[in-house]
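Single-structure report; data block below.
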Amino acid sequence: MAISRWMWCFVLCVASVWGCQRPTQAPSPPSAPSKPTEVEATGGASEAPKPPAEPDPTDEQAETELASSEAPTDGESTADDVAARPVAEEGSATSNADPQVSPERLLVFLPGGPLLLDVVLLIEGKPYAQAMEALVDLALERGDTDKDGTTHWEEITSSPLFTYGQMGNVAINNEQERQEAIRLYDTDRDGVADREEMPRFVTRNAGGARGFSFRGSNRHHGRNRFESPLRQLLDKDEDGQLSLAEMQSATAVLASRDGENDSILTEDDFSERLPDEQRRRYRRSDEPVAGWHLELATRWEEVAYAMQDLYAEDGTFTEESFALFPNLWKQLDLNVDSRLDRVEAALLKDLSAHATLTIRFAPKPESDSEDDAYGTGLASMELTGWQANLEGVLSVTESPDAITFHAPGAEVQIFARDLAPQAVDESGAAEQLARLDADKNGYLDAEELETRPDLVNVPLAALDANGDEMVYPSEYAVYLNQRAASQRAQIHGQAEHQPDALFAALDTNDDGRFTARELNSVPERLQTLDTDQDGLRFDEIPDAVAVVLARGNIQMREQLFATYRPAARPADMEGPAWFTAMDANQDGDISPREFLGSSEQFARLDQDQDGFLVSSELSANVP
C-alpha cells in the first residue's frame, strides 16, 4: 500500500511537470517595420551616460519563434544544412592555438547583397570580454577603501584613486560633481557599486560601456562615387564621365598636385578642389547605414527597413535582389511573401557567415619610432573561415593588418588598428619619470609635477599611493596603467562608406597614398574600370566600404577610425646602401628623378624596363 501511494505521488509529479512544459501560444505577428529616425545605428546604448534600457519583450518572443522556425528550401540548402558558424578552437591548425571564442556577427551592405562576417576578437590572447571583466574587478577592489568587502559609491567618489580620473572615469572636482556621479552611475539607487554599474563609470559609458561596440554610419553613402574628389579633378570638361583622353592624361594631372614634390600623393592633395559647401561633413539623412552589429539588442525592424530600401523593388524581394548570394533570400523568406519583417531579418544573426576573421589586439612592441609614440600600432588579422561556394563571387586580398573583399561593383576593406597605450612596467615608468625628475633624486615631488602639466595633469595625491608625498616609479607605473586601462579593455568598430570611391579603387595597396609607380599606372587602371569602353561613368566605379576595428581613445573618433594604413617600408628594401639613400620618399622604388646616376646607368639597371628600380634588380655594386 505504501508503495502504491508513492507511485501515485511520482505519477502526479511527472504530470504536473509535463503540464508546465506545454507550448505557449505563438506570439502575434510583428507590425510592419517603420522608417528609422536615427541613421547612425549601433544596435547598442548611446555614448551619453544613461540608465540601461529595459529589454524588449517582443525581441524575446522573436528569438523564441526563430528557434523553432524552418525556412522553405525548394531544394536549396538551409541554415541547418550549412556548417555551423565557425569558432576558433583551441589547438586547431587555423587558429594558432587561440582560445575558443564566440565570434561577433557583422552585417555589411554591398550592392549585390548583405555580406555576413564573423569576427573573433582577442585581447592579449584571451577573449576580449575578459579585459573588461578584469578592469571591473580592479575598480571594485580599489574602490573598497575600507576593505569591508562591499564597494560603495560614496567610497569611490571620495577616494583620490578615482577623483582625478585615474581609472578612466570622469574626474570629480567638487561635491556637486560627486553627487552627480552617484546619481548617474548608481542606477539601482542602493548606494553599492556592482558589476553591472561599474563598466559605465570606468569607460564614461563609451561604446555603451561594453567590451565591444559597433557603429554604422551613412556618411558618404550614395555620394562617394559621383562626388569623388578624384573623379571631379580628372573630369576636365565636367560632363560627368571620364573620356579616354582624360584618363590618359590622369598621371600628369595628378602629378601637378604634388605640392611637396616627393612623388607621393594623398587625398588631401586634390580634395581642396571641391567647393567648401561640398567638403563639409555630410549631414545625417535617412539613407541606410553601411553596416550593423547583429546581436540580441539589434533593432531588427530597422535592419529590415534598410534592406528593403537597398534591395527590394517596390518593397518586393526576389532571388535576384541578392545577386551575390542567390540562396540567401530563400533562407530569410519564412512565410514566402517576398517581403522581409523583423523576425525574418533576425535570422541573419544565425545563418552561416560568409567569412570569419580573427583579430588579435596586444601591447605594441618596444619601438623608438616617433610614430609609435603617438599610438599608430596595428593589430594582427587573418582570414580563418570561408564559405567554399563563394569562390568566384568574392576574392580576398590579405595583409597582416587589413583584409579586402573584392566583389562585383564594390570593395569592403577591413582594418585592424591598435591605438591603445601599451602597458608599462616599473622600468618603463622609471624612464618616463626621469624626464620629470628635475633634481634626479629618483622620485617626483609636488613642485616637479606642477612644472610639467603637459605631461602629468594631476596633483601629487593622485599618484602618491602611500601618502609619503613622493612618487616612485612603482607608483607612477600604477597610475599610467590605470589611466589607460579602459582604452585597452574596449574594442570599437565602425562601418562607413569611404569618402572617395575612385581613390580607394586606384590605391592598390590600401596605404592611403599614390606612389610614383601607382601614378604611372592610373590611366591603365581607369580604362580597366571602364567596362564598356565608352567613358568611365561614376556608376562604373566600385563602391567602397571601410570597416575599422580598433582599440584606443573613442573621443578621438576621426583618428581611431581613419581609413588608411600607415605606409610601411617594403620588405624588399634590403639592398646596397646607395639604393636606400636614393629612395627619398621611402616607397621602395627609385624613379628616374631620384636616381643620381646617368640615364644610361638607370636603363642598364632597370632589368624589367618598367621605369623604376627595385632592390631585387640590383647587385651590391655601385653603378
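The chains in the C-alpha cells are called A, B, ... from first to last as shown; in each chain the residues are counted from 1, and the ligands are counted from 1 in the order shown.
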Helix (DSSP H, G or I) positions in segment 91-214 of chain A, given as JSON, numbers by chain
{"A": [129, 130, 131, 132, 133, 134, 135, 136, 137, 138, 139, 140, 141, 142, 143, 153, 154, 155, 156, 157, 158, 160, 161, 162, 163, 175, 176, 177, 178, 179, 180, 181, 182, 183, 184, 185, 198, 199, 200, 201, 202, 203, 206, 207, 208, 209]}
Compile a residue-level contact table for segment 93-206 of chain A against segment 352-360 of chain A at a cut-off of 10 Å, reporting for every qualifying residue the shortest atom pair and its distance in Å to one decimal, with only C-alpha atoms counted, rows ordered by chain and ascending number, as a Markdown table.
```
| residue | atom | partner | partner_atom | distance |
| --- | --- | --- | --- | --- |
| A:Thr94 | CA | A:Thr358 | CA | 9.9 |
| A:Ser95 | CA | A:Thr358 | CA | 8.0 |
| A:Asp98 | CA | A:Thr358 | CA | 9.3 |
| A:Val101 | CA | A:Thr358 | CA | 9.9 |
| A:Pro103 | CA | A:Thr356 | CA | 8.2 |
| A:Glu104 | CA | A:Thr356 | CA | 9.6 |
| A:Arg105 | CA | A:Ala353 | CA | 8.0 |
| A:Leu106 | CA | A:Ala353 | CA | 9.1 |
| A:Leu107 | CA | A:Ala353 | CA | 9.5 |
| A:Pro114 | CA | A:His354 | CA | 9.8 |
| A:Leu115 | CA | A:His354 | CA | 6.7 |
| A:Leu116 | CA | A:Ala353 | CA | 5.0 |
| A:Leu117 | CA | A:Ala355 | CA | 5.3 |
| A:Asp118 | CA | A:Thr356 | CA | 4.6 |
| A:Val119 | CA | A:Leu357 | CA | 4.8 |
| A:Val120 | CA | A:Thr358 | CA | 4.6 |
| A:Leu121 | CA | A:Ile359 | CA | 5.2 |
| A:Leu122 | CA | A:Arg360 | CA | 4.8 |
| A:Ile123 | CA | A:Arg360 | CA | 6.0 |
| A:Glu124 | CA | A:Arg360 | CA | 7.1 |
| A:Gly125 | CA | A:Arg360 | CA | 6.8 |
| A:Lys126 | CA | A:Arg360 | CA | 8.9 |
| A:Pro127 | CA | A:Arg360 | CA | 9.6 |
| A:Tyr128 | CA | A:Arg360 | CA | 9.2 |
```
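With only C-alpha atoms taken into account, the protein and nucleic acid residues at most 10 Å from segment 141-150 of chain A (excluding it and anything under 6 positions from it in its own chain) are Leu135, Ile156, Thr157, Ser158, Ser159, Pro160, Leu161, Phe162, Met167, Val192, Ala193 and Asp194 of chain A.
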Residues within 8 Å of Leu340 of chain A, only C-alpha atoms, excluding chain neighbours under 4 positions, as a ChimeraX atom specification:
/A:304,308,317,332-333,344-345
Could you tell me which of A:Arg183, A:His406, A:Arg488, A:Lys349 comes closest to Pro421 of chain A if we count only C-alpha atoms?
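The answer is A:Arg488, which sits nearest to Pro421 of chain A.
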Skip Gln432 of chain A itself and residues of its chain fewer than 3 positions away, then list as a ChimeraX atom specification all residues within 10 Å of it, counting only C-alpha atoms.
/A:424,426-429,435-437,455,473,476-477
Proximity to Arg195 of chain A - best of A:Arg299, A:Arg525, A:His152, A:Lys330, only C-alpha atoms:
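For Arg195 of chain A, the nearest of the given residues is A:His152.
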For Leu230 of chain A, list every protein, DNA or RNA residue within 12 Å, evaluated using only C-alpha atoms, and leave out those in the same chain fewer than 6 positions away; present the list as a PyMOL selection string.
chain A and resi 224+236+241-242+247+250-251+253-254+257+265-274+499-507+514+522+526+538+541
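Selecting strand (DSSP E) from the backbone DSSP output for segment 390-444 of chain A yields Ser395, Val396, Thr397, Glu398, Ser399, Ala402, Ile403, Thr404, Phe405, His406, Ala407, Ala410, Glu411, Val412, Gln413, Ile414, Phe415, Ala416, Arg417 and Asp418 of chain A.
Contact shell of Arg483 of chain A at 7 Å (only C-alpha atoms; same-chain neighbours under 4 positions omitted): Gln166, Met167, Gly168 and Tyr479 of chain A.
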Would you please work out which residue, of A:Ser474, A:Glu391, A:Asn457, A:Ile414, is nearest to Glu431 of chain A when using only C-alpha atoms?
A:Ser474
